[in-house]
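Novice: Quick one, my_file-v2.tsv (TSV, N, CA and C atoms):
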chain	number	residue	atom	x	y	z
H	66	MET	N	82.53	140.27	109.27
H	66	MET	CA	81.74	141.48	109.12
H	66	MET	C	80.27	141.12	109.00
H	67	ARG	N	79.44	141.81	109.76
H	67	ARG	CA	78.01	141.52	109.76
H	67	ARG	C	77.32	142.28	108.65
H	68	ASP	N	76.40	141.61	107.98
H	68	ASP	CA	75.66	142.24	106.90
H	68	ASP	C	74.16	142.18	107.14
H	69	ASP	N	73.76	141.82	108.37
H	69	ASP	CA	72.34	141.65	108.68
H	69	ASP	C	71.69	142.87	109.30
H	70	GLY	N	72.34	144.01	109.26
H	70	GLY	CA	71.73	145.21	109.80
H	70	GLY	C	72.31	145.60	111.14
H	71	GLY	N	73.09	144.71	111.74
H	71	GLY	CA	73.73	145.05	113.01
H	71	GLY	C	72.72	145.16	114.13
H	72	SER	N	73.17	145.73	115.23
H	72	SER	CA	72.30	145.95	116.37
H	72	SER	C	72.58	147.32	116.94
H	73	GLU	N	71.77	147.73	117.89
H	73	GLU	CA	71.96	149.04	118.49
H	73	GLU	C	73.26	149.10	119.27
H	74	ALA	N	73.72	147.96	119.80
H	74	ALA	CA	74.90	147.94	120.65
H	74	ALA	C	76.19	148.20	119.89
H	75	ASP	N	76.23	147.88	118.59
H	75	ASP	CA	77.48	148.06	117.87
H	75	ASP	C	77.71	149.49	117.41
H	76	GLY	N	76.77	150.38	117.62
H	76	GLY	CA	76.96	151.80	117.35
H	76	GLY	C	77.08	152.16	115.88
H	77	GLY	N	76.71	151.26	115.00
H	77	GLY	CA	76.83	151.52	113.58
H	77	GLY	C	75.74	152.42	113.03
H	78	GLY	N	74.76	152.75	113.82
H	78	GLY	CA	73.69	153.61	113.35
H	78	GLY	C	72.67	152.89	112.50
H	79	ARG	N	72.77	151.58	112.40
H	79	ARG	CA	71.82	150.81	111.61
H	79	ARG	C	70.62	150.45	112.45
H	80	ARG	N	69.52	150.22	111.78
H	80	ARG	CA	68.29	149.86	112.47
H	80	ARG	C	68.27	148.37	112.77
H	81	GLY	N	67.71	148.03	113.91
H	81	GLY	CA	67.51	146.63	114.27
H	81	GLY	C	66.30	146.07	113.56
H	82	GLN	N	66.13	144.76	113.65
H	82	GLN	CA	65.01	144.10	112.98
H	82	GLN	C	63.67	144.62	113.50
H	83	ALA	N	63.56	144.85	114.80
H	83	ALA	CA	62.30	145.34	115.36
H	83	ALA	C	61.95	146.72	114.81
H	84	GLU	N	62.95	147.57	114.65
H	84	GLU	CA	62.69	148.91	114.10
H	84	GLU	C	62.28	148.83	112.64
H	85	ARG	N	62.92	147.96	111.87
H	85	ARG	CA	62.54	147.79	110.46
H	85	ARG	C	61.12	147.24	110.34
H	86	ASP	N	60.79	146.29	111.23
H	86	ASP	CA	59.43	145.74	111.21
H	86	ASP	C	58.40	146.81	111.57
H	87	ALA	N	58.72	147.65	112.55
H	87	ALA	CA	57.81	148.73	112.94
H	87	ALA	C	57.58	149.70	111.79
H	88	VAL	N	58.63	150.03	111.07
H	88	VAL	CA	58.50	150.94	109.93
H	88	VAL	C	57.64	150.29	108.84
H	89	THR	N	57.86	149.01	108.59
H	89	THR	CA	57.08	148.30	107.57
H	89	THR	C	55.60	148.28	107.93
H	90	VAL	N	55.31	147.99	109.18
H	90	VAL	CA	53.91	147.96	109.63
H	90	VAL	C	53.30	149.35	109.52
H	91	GLU	N	54.05	150.36	109.89
H	91	GLU	CA	53.51	151.73	109.84
H	91	GLU	C	53.25	152.18	108.40
H	92	ILE	N	54.11	151.80	107.48
H	92	ILE	CA	53.89	152.13	106.07
H	92	ILE	C	52.64	151.41	105.56
H	93	GLY	N	52.49	150.16	105.92
H	93	GLY	CA	51.29	149.42	105.52
H	93	GLY	C	50.03	150.04	106.08
H	94	TYR	N	50.08	150.44	107.36
H	94	TYR	CA	48.93	151.10	107.96
H	94	TYR	C	48.62	152.41	107.26
H	95	ALA	N	49.65	153.19	106.96
H	95	ALA	CA	49.45	154.48	106.30
H	95	ALA	C	48.78	154.29	104.95
H	96	LEU	N	49.25	153.32	104.17
H	96	LEU	CA	48.69	153.10	102.84
H	96	LEU	C	47.26	152.56	102.91
H	97	CYS	N	47.02	151.61	103.81
H	97	CYS	CA	45.67	151.04	103.91
H	97	CYS	C	44.65	152.05	104.43
H	98	SER	N	45.02	152.81	105.46
H	98	SER	CA	44.07	153.78	105.99
H	98	SER	C	43.83	154.91	105.00
H	99	ALA	N	44.87	155.29	104.25
H	99	ALA	CA	44.70	156.33	103.24
H	99	ALA	C	43.83	155.84	102.09
H	100	ALA	N	44.02	154.58	101.68
H	100	ALA	CA	43.19	154.03	100.60
H	100	ALA	C	41.73	153.93	101.02
H	101	PHE	N	41.49	153.52	102.26
H	101	PHE	CA	40.12	153.44	102.75
H	101	PHE	C	39.46	154.83	102.80
H	102	ALA	N	40.18	155.80	103.35
H	102	ALA	CA	39.63	157.16	103.44
H	102	ALA	C	39.36	157.73	102.04
H	103	ALA	N	40.28	157.49	101.11
H	103	ALA	CA	40.11	157.99	99.75
H	103	ALA	C	38.91	157.32	99.08
H	104	ALA	N	38.72	156.02	99.31
H	104	ALA	CA	37.58	155.33	98.72
H	104	ALA	C	36.25	155.87	99.28
H	105	VAL	N	36.22	156.17	100.56
H	105	VAL	CA	35.01	156.71	101.17
H	105	VAL	C	34.69	158.09	100.58
H	106	VAL	N	35.71	158.93	100.46
H	106	VAL	CA	35.49	160.27	99.89
H	106	VAL	C	35.07	160.17	98.44
H	107	PHE	N	35.72	159.31	97.67
H	107	PHE	CA	35.33	159.15	96.27
H	107	PHE	C	33.89	158.67	96.17
H	108	GLY	N	33.51	157.71	96.99
H	108	GLY	CA	32.13	157.22	96.97
H	108	GLY	C	31.12	158.28	97.36
H	109	ALA	N	31.49	159.11	98.33
H	109	ALA	CA	30.57	160.15	98.77
H	109	ALA	C	30.38	161.23	97.70
H	110	VAL	N	31.47	161.57	97.01
H	110	VAL	CA	31.38	162.65	96.01
H	110	VAL	C	30.88	162.12	94.67
H	111	ALA	N	31.45	161.03	94.19
H	111	ALA	CA	31.10	160.54	92.86
H	111	ALA	C	29.95	159.54	92.90
H	112	GLY	N	29.58	159.07	94.08
H	112	GLY	CA	28.51	158.08	94.19
H	112	GLY	C	27.20	158.47	93.52
H	113	PRO	N	26.70	159.67	93.76
H	113	PRO	CA	25.44	160.04	93.10
H	113	PRO	C	25.53	160.00	91.57
H	114	ALA	N	26.68	160.35	91.03
H	114	ALA	CA	26.83	160.31	89.58
H	114	ALA	C	26.84	158.88	89.06
H	115	LEU	N	27.33	157.95	89.88
H	115	LEU	CA	27.39	156.56	89.45
H	115	LEU	C	26.07	155.82	89.69
H	116	LEU	N	25.26	156.29	90.64
H	116	LEU	CA	24.00	155.62	90.95
H	116	LEU	C	22.80	156.17	90.19
H	117	PHE	N	22.81	157.46	89.94
H	117	PHE	CA	21.65	158.10	89.32
H	117	PHE	C	22.01	158.61	87.94
H	118	THR	N	20.99	158.82	87.14
H	118	THR	CA	21.18	159.41	85.82
H	118	THR	C	21.18	160.93	85.97
H	119	LEU	N	22.33	161.51	85.73
H	119	LEU	CA	22.49	162.96	85.84
H	119	LEU	C	22.88	163.52	84.49
H	120	PRO	N	22.71	164.83	84.31
H	120	PRO	CA	23.19	165.44	83.07
H	120	PRO	C	24.69	165.18	82.90
H	121	GLY	N	25.14	165.07	81.67
H	121	GLY	CA	26.51	164.73	81.35
H	121	GLY	C	27.56	165.56	82.06
H	122	ARG	N	27.34	166.87	82.08
H	122	ARG	CA	28.33	167.77	82.69
H	122	ARG	C	28.40	167.58	84.21
H	123	ALA	N	27.27	167.40	84.87
H	123	ALA	CA	27.25	167.20	86.32
H	123	ALA	C	27.90	165.86	86.69
H	124	GLU	N	27.62	164.85	85.89
H	124	GLU	CA	28.23	163.54	86.15
H	124	GLU	C	29.75	163.61	86.01
H	125	THR	N	30.21	164.25	84.96
H	125	THR	CA	31.66	164.39	84.75
H	125	THR	C	32.29	165.18	85.87
H	126	LEU	N	31.65	166.26	86.29
H	126	LEU	CA	32.19	167.10	87.36
H	126	LEU	C	32.29	166.33	88.67
H	127	LEU	N	31.27	165.57	89.01
H	127	LEU	CA	31.29	164.80	90.26
H	127	LEU	C	32.36	163.71	90.24
H	128	VAL	N	32.48	163.00	89.14
H	128	VAL	CA	33.47	161.93	89.07
H	128	VAL	C	34.89	162.50	89.11
H	129	ARG	N	35.14	163.55	88.36
H	129	ARG	CA	36.47	164.16	88.37
H	129	ARG	C	36.78	164.80	89.72
H	130	GLY	N	35.80	165.47	90.29
H	130	GLY	CA	35.99	166.06	91.62
H	130	GLY	C	36.28	165.01	92.67
H	131	GLY	N	35.54	163.90	92.63
H	131	GLY	CA	35.78	162.80	93.56
H	131	GLY	C	37.17	162.21	93.38
H	132	THR	N	37.61	162.09	92.14
H	132	THR	CA	38.95	161.55	91.87
H	132	THR	C	40.03	162.47	92.41
H	133	VAL	N	39.88	163.76	92.19
H	133	VAL	CA	40.88	164.72	92.67
H	133	VAL	C	40.90	164.75	94.20
H	134	LEU	N	39.74	164.82	94.82
H	134	LEU	CA	39.68	164.84	96.28
H	134	LEU	C	40.23	163.55	96.89
H	135	ALA	N	39.90	162.42	96.30
H	135	ALA	CA	40.39	161.14	96.81
H	135	ALA	C	41.91	161.05	96.69
H	136	GLY	N	42.46	161.49	95.58
H	136	GLY	CA	43.92	161.47	95.41
H	136	GLY	C	44.62	162.40	96.39
H	137	ALA	N	44.06	163.58	96.58
H	137	ALA	CA	44.66	164.52	97.53
H	137	ALA	C	44.57	163.99	98.96
H	138	LEU	N	43.44	163.42	99.31
H	138	LEU	CA	43.28	162.86	100.65
H	138	LEU	C	44.24	161.70	100.88
H	139	PHE	N	44.42	160.86	99.87
H	139	PHE	CA	45.35	159.74	99.99
H	139	PHE	C	46.76	160.24	100.29
H	140	ALA	N	47.22	161.25	99.55
H	140	ALA	CA	48.57	161.78	99.77
H	140	ALA	C	48.71	162.43	101.14
H	141	VAL	N	47.72	163.22	101.54
H	141	VAL	CA	47.79	163.91	102.82
H	141	VAL	C	47.73	162.91	103.98
H	142	ARG	N	46.84	161.95	103.90
H	142	ARG	CA	46.73	160.96	104.98
H	142	ARG	C	48.00	160.12	105.11
H	143	THR	N	48.56	159.68	104.01
H	143	THR	CA	49.79	158.90	104.06
H	143	THR	C	50.92	159.72	104.67
H	144	GLY	N	51.08	160.94	104.23
H	144	GLY	CA	52.13	161.80	104.78
H	144	GLY	C	51.93	162.08	106.25
H	145	TYR	N	50.69	162.33	106.66
H	145	TYR	CA	50.41	162.64	108.06
H	145	TYR	C	50.77	161.46	108.97
H	146	VAL	N	50.37	160.27	108.58
H	146	VAL	CA	50.64	159.08	109.40
H	146	VAL	C	52.14	158.84	109.50
H	147	LEU	N	52.86	158.95	108.39
H	147	LEU	CA	54.29	158.68	108.41
H	147	LEU	C	55.08	159.75	109.16
H	148	ILE	N	54.67	160.99	109.04
H	148	ILE	CA	55.35	162.07	109.78
H	148	ILE	C	55.09	161.92	111.27
H	149	ARG	N	53.85	161.59	111.64
H	149	ARG	CA	53.52	161.39	113.05
H	149	ARG	C	54.34	160.23	113.63
H	150	PHE	N	54.50	159.15	112.88
H	150	PHE	CA	55.29	158.01	113.34
H	150	PHE	C	56.76	158.41	113.50
H	151	ARG	N	57.27	159.15	112.57
H	151	ARG	CA	58.67	159.57	112.63
H	151	ARG	C	58.94	160.44	113.85
H	152	ARG	N	58.04	161.35	114.14
H	152	ARG	CA	58.19	162.22	115.32
H	152	ARG	C	58.09	161.43	116.61
H	153	ALA	N	57.19	160.48	116.68
H	153	ALA	CA	57.00	159.69	117.89
H	153	ALA	C	58.17	158.74	118.13
H	154	ALA	N	58.87	158.35	117.08
H	154	ALA	CA	59.95	157.38	117.21
H	154	ALA	C	61.25	158.01	117.67
H	155	GLN	N	61.35	159.32	117.65
H	155	GLN	CA	62.60	159.99	118.00
H	155	GLN	C	62.40	160.84	119.25
H	156	PRO	N	62.89	160.36	120.40
H	156	PRO	CA	62.76	161.18	121.61
H	156	PRO	C	63.61	162.43	121.50
H	157	SER	N	63.18	163.49	122.16
H	157	SER	CA	63.92	164.74	122.06
H	157	SER	C	65.25	164.67	122.79
H	158	GLN	N	65.31	163.89	123.86
H	158	GLN	CA	66.55	163.72	124.60
H	158	GLN	C	66.75	162.24	124.88
H	159	PRO	N	67.46	161.55	124.01
H	159	PRO	CA	67.63	160.10	124.18
H	159	PRO	C	68.24	159.74	125.53
H	160	GLY	N	67.72	158.68	126.12
H	160	GLY	CA	68.23	158.22	127.39
H	160	GLY	C	67.48	158.75	128.59
H	161	ARG	N	66.74	159.79	128.43
H	161	ARG	CA	65.97	160.35	129.54
H	161	ARG	C	64.55	159.85	129.45
H	162	THR	N	64.11	159.23	130.51
H	162	THR	CA	62.77	158.64	130.48
H	162	THR	C	61.76	159.39	131.32
H	163	ARG	N	62.23	160.15	132.29
H	163	ARG	CA	61.31	160.88	133.17
H	163	ARG	C	61.15	162.31	132.67
H	164	PRO	N	59.95	162.87	132.72
H	164	PRO	CA	59.73	164.22	132.23
H	164	PRO	C	60.51	165.28	133.02
H	165	ASP	N	60.82	165.02	134.28
H	165	ASP	CA	61.52	166.03	135.09
H	165	ASP	C	63.03	165.85	135.07
H	166	SER	N	63.54	164.98	134.19
H	166	SER	CA	65.00	164.75	134.11
H	166	SER	C	65.69	165.92	133.46
Starting from the file, give its structure as structure tokens.
Specialist:
Amino acid sequence: MRDDGGSEADGGGRRGQAERDAVTVEIGYALCSAAFAAAVVFGAVAGPALLFTLPGRAETLLVRGGTVLAGALFAVRTGYVLIRFRRAAQPSQPGRTRPDS
């Protein structure tokens, strides 16, 4: 009995090594691109509060707003990349390669 994930030919429905590697790379890309985008947004929103002397309330508002926006952007970007990958990986009609088939 094989315990290495099988192959597409055995019909077990398990993913091959190439598919697992593709998923791993896509998850890494999703997390890295989301972290970068979140850092840019946080810097753009909270940056003035960290660089300049602002009144206490304005500084707090900018830092908290930047944190909330960065967190929301991170979640949305990660979800968008992974959903897009999932849709692209599943053809609507397996086995058909030509659009007019």
Novice: So the first atom is atom N of H:Ile92 and the second is atom C of H:Ala140; what is the distance between them in Å, to one decimal place?
Specialist: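 Between atom N of H:Ile92 and atom C of H:Ala140 the gap is 13.5 Å.
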Novice: Smallest atom-to-atom distance to H:Val146: which of H:Leu96, H:Leu119, H:Thr89, H:Arg79, using only N, CA and C atoms?
Specialist: H:Leu96
Novice: Need to verify the contact set: H:Ser98, 7 Å, only N, CA and C atoms, exclusion of same-chain residues closer than 5 positions in sequence. Can you return it as a list in words?
Specialist: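 Final neighbour list, sorted by chain and number: Gly93, Ala103, Arg142 and Thr143 of chain H.
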Novice: Could you check which of H:Cys97, H:Ala123, H:Val141, H:Val128 is closest to H:Val110, using all atoms listed in the file?
Specialist: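 Comparing H:Cys97, H:Ala123, H:Val141, H:Val128 against H:Val110, the winner is H:Val128.
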Novice: Please list as a count of residues only every residue within 9 Å of H:Glu124, counting only C-alpha atoms and excluding residues in the same chain fewer than 4 positions away.
Specialist: 9
Novice: Between atom CA of H:Val106 and atom N of H:Leu127, what is the distance in Å, rounded to a tenth?
Specialist: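 We find that atom CA of H:Val106 and atom N of H:Leu127 lie 12.8 Å from each other.
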Novice: When you count only C-alpha atoms, which of these residues is closest to H:Thr132: H:Gly144, H:Phe107, H:Glu91, H:Ala83?
Specialist: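 Once distances to H:Thr132 are computed over only C-alpha atoms, the minimum belongs to H:Phe107.
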Novice: Nearest to H:Val90 among H:Leu147, H:Leu138, H:Val105, H:Leu116, with distances taken over only C-alpha atoms: which residue is it?
Specialist: H:Leu147
Novice: In Å, how far is it from atom CA of H:Ala135 to atom CA of H:Ala104?
Specialist: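 Those two atoms sit 6.7 Å apart.
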